[in-house]
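**Student:** Structure file protein36.csv (CSV, C-alpha atoms) is given on the next line.
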```csv
chain,number,residue,atom,x,y,z
R,1,MET,CA,-34.5,14.3,-36.4
R,2,CYS,CA,-30.9,15.5,-36.0
R,3,LYS,CA,-31.6,16.7,-32.5
R,4,ILE,CA,-33.1,13.3,-31.6
R,5,ILE,CA,-30.0,11.5,-33.0
R,6,PHE,CA,-27.7,13.8,-31.1
R,7,PHE,CA,-29.7,13.3,-27.9
R,8,VAL,CA,-29.6,9.5,-28.2
R,9,GLY,CA,-25.9,9.6,-29.0
R,10,LEU,CA,-25.2,11.8,-25.9
R,11,VAL,CA,-27.2,9.5,-23.7
R,12,SER,CA,-25.2,6.5,-25.0
R,13,ILE,CA,-21.9,8.3,-24.3
R,14,LEU,CA,-23.0,9.2,-20.8
R,15,ASN,CA,-24.1,5.6,-20.1
R,16,ALA,CA,-20.8,4.3,-21.4
R,17,CYS,CA,-18.9,6.7,-19.2
R,18,THR,CA,-20.9,5.8,-16.2
R,19,HIS,CA,-20.3,2.1,-16.9
R,20,THR,CA,-16.6,2.7,-17.3
R,21,GLU,CA,-16.5,4.6,-14.0
R,22,ALA,CA,-18.3,1.8,-12.2
R,23,VAL,CA,-15.9,-0.8,-13.6
R,24,LYS,CA,-12.9,1.2,-12.5
R,25,ILE,CA,-14.4,1.6,-9.0
R,26,ASP,CA,-15.0,-2.1,-8.8
R,27,ASN,CA,-11.4,-2.8,-9.9
R,28,ILE,CA,-10.1,-0.6,-7.1
R,29,TYR,CA,-12.2,-2.4,-4.5
R,30,GLN,CA,-11.1,-5.8,-5.8
R,31,GLN,CA,-7.4,-4.7,-5.6
R,32,LEU,CA,-7.9,-3.4,-2.1
R,33,THR,CA,-9.5,-6.7,-1.2
R,34,ARG,CA,-6.5,-8.7,-2.6
R,35,LEU,CA,-4.1,-6.5,-0.7
R,36,ILE,CA,-6.0,-7.0,2.6
R,37,ASP,CA,-6.0,-10.8,2.0
R,38,ALA,CA,-2.2,-10.7,1.3
R,39,PHE,CA,-1.5,-8.7,4.5
R,40,GLU,CA,-3.5,-11.2,6.6
R,41,LEU,CA,-1.6,-14.1,5.1
R,42,ILE,CA,1.8,-12.6,5.5
R,43,ALA,CA,1.1,-11.3,9.0
R,44,ASP,CA,-0.1,-14.6,10.2
R,45,GLU,CA,2.7,-16.7,8.6
R,46,LYS,CA,5.7,-14.4,8.9
R,47,ILE,CA,5.5,-11.1,10.8
R,48,PRO,CA,6.2,-11.4,14.6
R,49,PRO,CA,3.3,-10.1,16.6
R,50,ALA,CA,5.7,-8.0,18.7
R,51,LEU,CA,6.8,-6.1,15.5
R,52,LEU,CA,3.2,-5.5,14.5
R,53,ARG,CA,2.5,-4.1,17.9
R,54,ASN,CA,5.4,-1.7,17.5
R,55,SER,CA,4.4,-0.6,14.0
R,56,GLU,CA,3.6,3.0,13.2
R,57,ALA,CA,2.8,2.7,9.5
R,58,ILE,CA,2.3,-0.1,7.0
R,59,ILE,CA,2.6,-0.3,3.2
R,60,ILE,CA,1.0,-3.3,1.4
R,61,SER,CA,1.7,-3.5,-2.3
R,62,ASP,CA,1.9,-5.6,-5.4
R,63,ILE,CA,5.5,-5.7,-6.6
R,64,THR,CA,7.1,-6.8,-9.9
R,65,ARG,CA,10.9,-7.3,-9.4
R,66,GLY,CA,13.8,-8.1,-11.7
R,67,GLY,CA,17.5,-7.8,-11.8
R,68,LEU,CA,20.8,-9.2,-10.6
R,69,PHE,CA,22.9,-6.6,-8.8
R,70,LEU,CA,20.9,-3.5,-9.9
R,71,GLY,CA,17.2,-4.2,-10.3
R,72,PHE,CA,13.9,-2.7,-11.3
R,73,GLU,CA,10.7,-2.6,-9.3
R,74,SER,CA,7.3,-1.3,-9.8
R,75,GLY,CA,4.1,-1.7,-7.9
R,76,LYS,CA,0.8,-0.3,-6.7
R,77,GLY,CA,-0.3,-0.5,-3.1
R,78,ILE,CA,-1.7,1.3,0.0
R,79,LEU,CA,-0.2,3.2,2.9
R,80,THR,CA,-1.8,3.6,6.3
R,81,ILE,CA,-0.4,5.3,9.4
R,82,ARG,CA,-1.2,4.7,13.0
R,83,ASN,CA,-2.7,7.8,14.6
R,84,GLN,CA,-3.3,7.7,18.3
R,85,GLN,CA,-3.6,3.9,18.4
R,86,LYS,CA,-6.1,4.0,15.4
R,87,TRP,CA,-5.2,3.3,11.8
R,88,SER,CA,-5.8,6.0,9.2
R,89,ASN,CA,-7.9,5.4,6.0
R,90,PRO,CA,-5.6,3.8,3.4
R,91,ILE,CA,-4.2,5.8,0.5
R,92,PHE,CA,-3.2,4.3,-2.8
R,93,ILE,CA,0.4,4.8,-3.9
R,94,ASN,CA,2.6,3.9,-6.8
R,95,MET,CA,6.1,2.6,-6.1
R,96,LEU,CA,8.7,3.1,-8.9
R,97,ASN,CA,12.4,2.7,-9.6
R,98,MET,CA,13.3,0.8,-6.5
R,99,SER,CA,16.7,-0.9,-6.4
R,100,PHE,CA,18.2,-3.5,-4.1
R,101,GLY,CA,21.8,-4.4,-3.2
R,102,LEU,CA,22.9,-8.0,-3.2
R,103,GLN,CA,19.9,-9.0,-5.2
R,104,ALA,CA,19.0,-11.8,-7.5
R,105,GLY,CA,15.9,-13.1,-9.2
R,106,ILE,CA,12.7,-12.0,-10.8
R,107,GLY,CA,9.1,-12.4,-9.6
R,108,VAL,CA,5.7,-10.9,-8.9
R,109,GLN,CA,5.0,-10.7,-5.2
R,110,LYS,CA,3.1,-9.0,-2.4
R,111,LEU,CA,5.2,-6.7,-0.3
R,112,VAL,CA,4.5,-5.6,3.3
R,113,LEU,CA,6.7,-2.8,4.7
R,114,VAL,CA,6.3,-2.4,8.5
R,115,PHE,CA,7.5,1.0,9.8
R,116,THR,CA,8.5,1.3,13.4
R,117,ASN,CA,9.2,5.0,12.9
R,118,ARG,CA,6.3,7.0,11.5
R,119,LYS,CA,8.5,9.8,10.3
R,120,GLU,CA,9.6,7.6,7.4
R,121,ALA,CA,6.1,7.6,6.1
R,122,GLU,CA,4.7,10.9,7.4
R,123,GLN,CA,6.0,12.9,4.5
R,124,PHE,CA,2.8,12.0,2.7
R,125,ALA,CA,1.0,14.2,5.2
R,126,THR,CA,2.6,17.4,3.8
R,127,GLY,CA,0.1,17.5,0.9
R,128,SER,CA,2.7,16.8,-1.8
R,129,SER,CA,1.5,14.3,-4.4
R,130,LYS,CA,5.0,13.1,-5.1
R,131,ILE,CA,8.0,12.5,-2.8
R,132,CYS,CA,11.4,10.9,-3.2
R,133,LEU,CA,12.7,8.8,-0.3
R,134,SER,CA,15.7,6.8,0.6
R,135,LEU,CA,14.6,4.0,2.9
R,136,ASN,CA,16.9,1.7,4.6
R,137,VAL,CA,14.8,-1.4,4.7
R,138,THR,CA,15.7,-4.6,6.6
R,139,ILE,CA,14.4,-8.0,5.7
R,140,GLY,CA,12.2,-8.7,8.6
R,141,PRO,CA,12.8,-11.6,11.0
R,142,LEU,CA,10.2,-14.4,10.9
R,143,THR,CA,8.0,-15.2,13.9
R,144,ASN,CA,9.9,-18.4,14.7
R,145,GLU,CA,13.3,-16.5,14.6
R,146,ILE,CA,12.8,-14.1,17.5
R,147,SER,CA,12.8,-14.4,21.2
R,148,THR,CA,11.1,-12.4,23.9
R,149,ASN,CA,14.2,-10.2,24.1
R,150,THR,CA,14.3,-9.3,20.4
R,151,ILE,CA,14.6,-5.6,19.9
R,152,PHE,CA,13.3,-4.1,16.6
R,153,ASP,CA,15.7,-1.3,16.2
R,154,GLN,CA,15.3,-0.7,12.4
R,155,ASN,CA,13.0,1.9,10.9
R,156,VAL,CA,11.5,-0.4,8.2
R,157,TYR,CA,11.1,-4.1,7.9
R,158,SER,CA,10.1,-5.9,4.7
R,159,TYR,CA,8.1,-9.1,4.1
R,160,THR,CA,7.1,-10.7,0.8
R,161,SER,CA,4.9,-13.4,-0.5
R,162,GLY,CA,4.2,-14.5,-4.0
R,163,ILE,CA,5.5,-16.0,-7.2
R,164,GLY,CA,9.3,-15.9,-7.8
R,165,MET,CA,12.2,-15.5,-5.5
R,166,PHE,CA,14.1,-12.3,-4.9
R,167,GLY,CA,16.6,-11.6,-2.1
R,168,GLY,CA,17.9,-8.2,-1.0
R,169,MET,CA,19.7,-6.5,1.8
R,170,SER,CA,18.8,-2.8,1.3
R,171,LEU,CA,16.2,-0.8,-0.5
R,172,LYS,CA,16.3,2.6,-2.1
R,173,THR,CA,13.0,4.1,-3.2
R,174,ASN,CA,13.4,6.7,-5.9
R,175,SER,CA,9.8,7.6,-6.1
R,176,LEU,CA,6.6,7.1,-4.1
R,177,THR,CA,3.7,8.7,-5.8
R,178,LEU,CA,0.1,9.2,-4.6
R,179,ASP,CA,-2.2,7.4,-7.1
R,180,ILE,CA,-4.6,10.3,-7.5
R,181,ALA,CA,-7.0,8.4,-9.8
R,182,ALA,CA,-7.3,5.3,-7.6
R,183,ASN,CA,-7.9,7.4,-4.5
R,184,ARG,CA,-10.6,9.4,-6.3
R,185,TYR,CA,-12.4,6.2,-7.2
R,186,LEU,CA,-12.0,4.9,-3.7
R,187,TYR,CA,-13.2,8.1,-1.9
R,188,GLY,CA,-15.3,9.8,-4.6
R,189,LYS,CA,-13.0,12.9,-4.5
R,190,THR,CA,-9.4,14.0,-4.8
R,191,VAL,CA,-7.7,13.4,-1.4
R,192,ARG,CA,-4.4,14.2,0.3
R,193,PHE,CA,-2.9,12.0,3.0
R,194,SER,CA,-3.5,14.8,5.5
R,195,ASP,CA,-7.3,14.4,4.8
R,196,LEU,CA,-7.0,10.8,5.8
R,197,LEU,CA,-5.0,11.5,9.0
R,198,ASN,CA,-7.6,14.1,10.0
R,199,GLY,CA,-10.5,11.8,9.2
R,200,ASN,CA,-11.9,14.0,6.5
R,201,THR,CA,-12.9,11.2,4.1
R,202,LYS,CA,-15.7,8.7,4.1
R,203,LYS,CA,-15.3,5.1,5.3
R,204,SER,CA,-16.7,2.3,3.2
R,205,ALA,CA,-17.3,-1.2,4.6
R,206,ILE,CA,-14.1,-2.5,3.0
R,207,ILE,CA,-12.0,0.3,4.6
R,208,ILE,CA,-13.6,-0.4,8.0
R,209,GLY,CA,-12.7,-4.0,7.5
R,210,LEU,CA,-9.1,-3.2,6.8
R,211,GLN,CA,-8.9,-1.0,9.9
R,212,ASN,CA,-10.4,-3.7,12.0
R,213,ILE,CA,-7.8,-6.2,10.8
R,214,LEU,CA,-5.0,-3.8,11.4
R,215,GLN,CA,-6.3,-3.1,14.9
R,216,GLU,CA,-6.5,-6.8,15.6
R,217,LYS,CA,-3.1,-7.7,14.3
R,218,THR,CA,-1.3,-4.7,16.0
R,219,SER,CA,-3.1,-4.6,19.4
R,220,GLU,CA,-1.3,-5.3,22.6
```
Would you mind writing the structure in this file as structure tokens?
**Tutor:**
Amino acid sequence: MCKIIFFVGLVSILNACTHTEAVKIDNIYQQLTRLIDAFELIADEKIPPALLRNSEAIIISDITRGGLFLGFESGKGILTIRNQQKWSNPIFINMLNMSFGLQAGIGVQKLVLVFTNRKEAEQFATGSSKICLSLNVTIGPLTNEISTNTIFDQNVYSYTSGIGMFGGMSLKTNSLTLDIAANRYLYGKTVRFSDLLNGNTKKSAIIIGLQNILQEKTSE
């Protein structure tokens, strides 16, 4: 009898764990879907096509901001790098301890960082799970603010959309961390960014959809 009770209890625990894993995987897919939708909206409404064509890497993230002159920021998002005119599989990242100068406000927003210099983002390809960066980020010009002669000479441009208002002139990122758990749920194994650059990870339908959108928005 004790063996039967133990076996039933073990099966219940395994079923509960399987259900929990499935819920977490579903949550990751839902978050990725929201980030894709946010990128499409911001790209269509704000980001100049010429800047997108010159992009070498893109971060899309949820961001919670607050502060006056020195602020706090935290968020979770994805990073993808252009590799020989194709976009890598996305990798989930955590963004922490980010401060802005000349800032004011509080809000929850979607953030898109457009890199015109891939070296700013390529440090993830070293295999390290945590890096510290100092990024000089410029608030990006809107589509209706540029001319055919506009030169995008900054390394990183930022665009936001969401609830709340927050203005800033420069960005310092104290910590960008690979979200190991989220990436494991997305790819079914622990991955490094170098795996994604080299194509050593599976592609689900949602990842292919993201890459198709990026290809469409950034093509000549």
**Student:** Mind giving me the straight-line distance from atom CA of Asn155 of chain R to atom CA of Asn117 of chain R in Å, one decimal?
**Tutor:**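 Interatomic distance here is 5.3 Å.
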**Student:** Given the choices R:Thr160, R:Thr190, R:Asn183, R:Thr143, which gets closest to Pro49 of chain R if the distance is worked out from all atoms listed in the file?
**Tutor:**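 The shortest atom-to-atom distance to Pro49 of chain R comes from R:Thr143.
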**Student:** For each of R:Trp87, R:Tyr157, R:Tyr185, R:Phe152, take the minimum atom-to-atom distance to Leu32 of chain R, counting all atoms listed in the file, then give the residue where this is smallest.
**Tutor:**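 Selected residue with least distance to Leu32 of chain R: R:Tyr185.
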**Student:** Using all atoms listed in the file for the distances, tell me which of R:Lys119, R:Arg192, R:Lys24, R:Lys202 is nearest to Ile91 of chain R.
**Tutor:** R:Arg192
**Student:** I'd like the interatomic distance between atom CA of Val114 of chain R and atom CA of Ala181 of chain R, to a tenth of an Å.
**Tutor:** 25.1 Å
**Student:** For Arg53 of chain R, please output as a PyMOL selection string all residues within 12 Å (counting all atoms listed in the file; exclusion window: fewer than 6 positions along the same chain).
**Tutor:** chain R and resi 43+47+82+85+114-116+152+214-220
**Student:** So, counting all atoms listed in the file, which residue among R:Ala121, R:Leu186, R:Leu96, R:Leu79 is closest to Asn27 of chain R?
**Tutor:**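 Of R:Ala121, R:Leu186, R:Leu96, R:Leu79, the one nearest Asn27 of chain R, counting all atoms listed in the file, is R:Leu186.
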**Student:** Counting all atoms listed in the file, write as a PDB file with C-alpha atoms, keeping the file's coordinate frame all protein and nucleic acid residues lying at most 9 Å from (3.8, -11.2, 6.9) in the file's frame.
**Tutor:**
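Okay, out-v5.pdb is ready:
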```
ATOM      1  CA  ALA R  38      -2.200 -10.700   1.300  1.00  0.00           C
ATOM      2  CA  PHE R  39      -1.500  -8.700   4.500  1.00  0.00           C
ATOM      3  CA  GLU R  40      -3.500 -11.200   6.600  1.00  0.00           C
ATOM      4  CA  LEU R  41      -1.600 -14.100   5.100  1.00  0.00           C
ATOM      5  CA  ILE R  42       1.800 -12.600   5.500  1.00  0.00           C
ATOM      6  CA  ALA R  43       1.100 -11.300   9.000  1.00  0.00           C
ATOM      7  CA  ASP R  44      -0.100 -14.600  10.200  1.00  0.00           C
ATOM      8  CA  GLU R  45       2.700 -16.700   8.600  1.00  0.00           C
ATOM      9  CA  LYS R  46       5.700 -14.400   8.900  1.00  0.00           C
ATOM     10  CA  ILE R  47       5.500 -11.100  10.800  1.00  0.00           C
ATOM     11  CA  PRO R  48       6.200 -11.400  14.600  1.00  0.00           C
ATOM     12  CA  LEU R 111       5.200  -6.700  -0.300  1.00  0.00           C
ATOM     13  CA  VAL R 112       4.500  -5.600   3.300  1.00  0.00           C
ATOM     14  CA  GLY R 140      12.200  -8.700   8.600  1.00  0.00           C
ATOM     15  CA  LEU R 142      10.200 -14.400  10.900  1.00  0.00           C
ATOM     16  CA  SER R 158      10.100  -5.900   4.700  1.00  0.00           C
ATOM     17  CA  TYR R 159       8.100  -9.100   4.100  1.00  0.00           C
ATOM     18  CA  THR R 160       7.100 -10.700   0.800  1.00  0.00           C
ATOM     19  CA  SER R 161       4.900 -13.400  -0.500  1.00  0.00           C
TER      20      SER R 161
END
```
**Student:** So, with all atoms listed in the file as the atoms that count, which of R:Ala50, R:Ile207, R:Gly77, R:Leu178 lies closest to Ile146 of chain R?
**Tutor:**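 Closest residue, counting all atoms listed in the file: R:Ala50.
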**Student:** With distances taken over all atoms listed in the file, which of R:Ile60, R:Thr177, R:Glu122, R:Gln154 is nearest to Met95 of chain R?
**Tutor:**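 The answer is R:Thr177, which sits nearest to Met95 of chain R.
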**Student:** Go ahead and compute the interatomic distance for atom CA of Ser204 of chain R and atom CA of Asp62 of chain R, in Å to one decimal.
**Tutor:** 22.0 Å
**Student:** Give as a count of residues only each residue that has an atom at most 9 Å from (-4.8, 11.5, 11.2) in the file, counting only C-alpha atoms.
**Tutor:** 17
**Student:** Please report, as AutoDock Vina command-line options, the centre and edge lengths in Å to one decimal of an axis-aligned box covering all listed atoms of segment 80-95 of chain R with 3 Å per side.
**Tutor:**
```
--center_x -0.9 --center_y 5.2 --center_z 5.8 --size_x 20.0 --size_y 11.2 --size_z 31.2
```
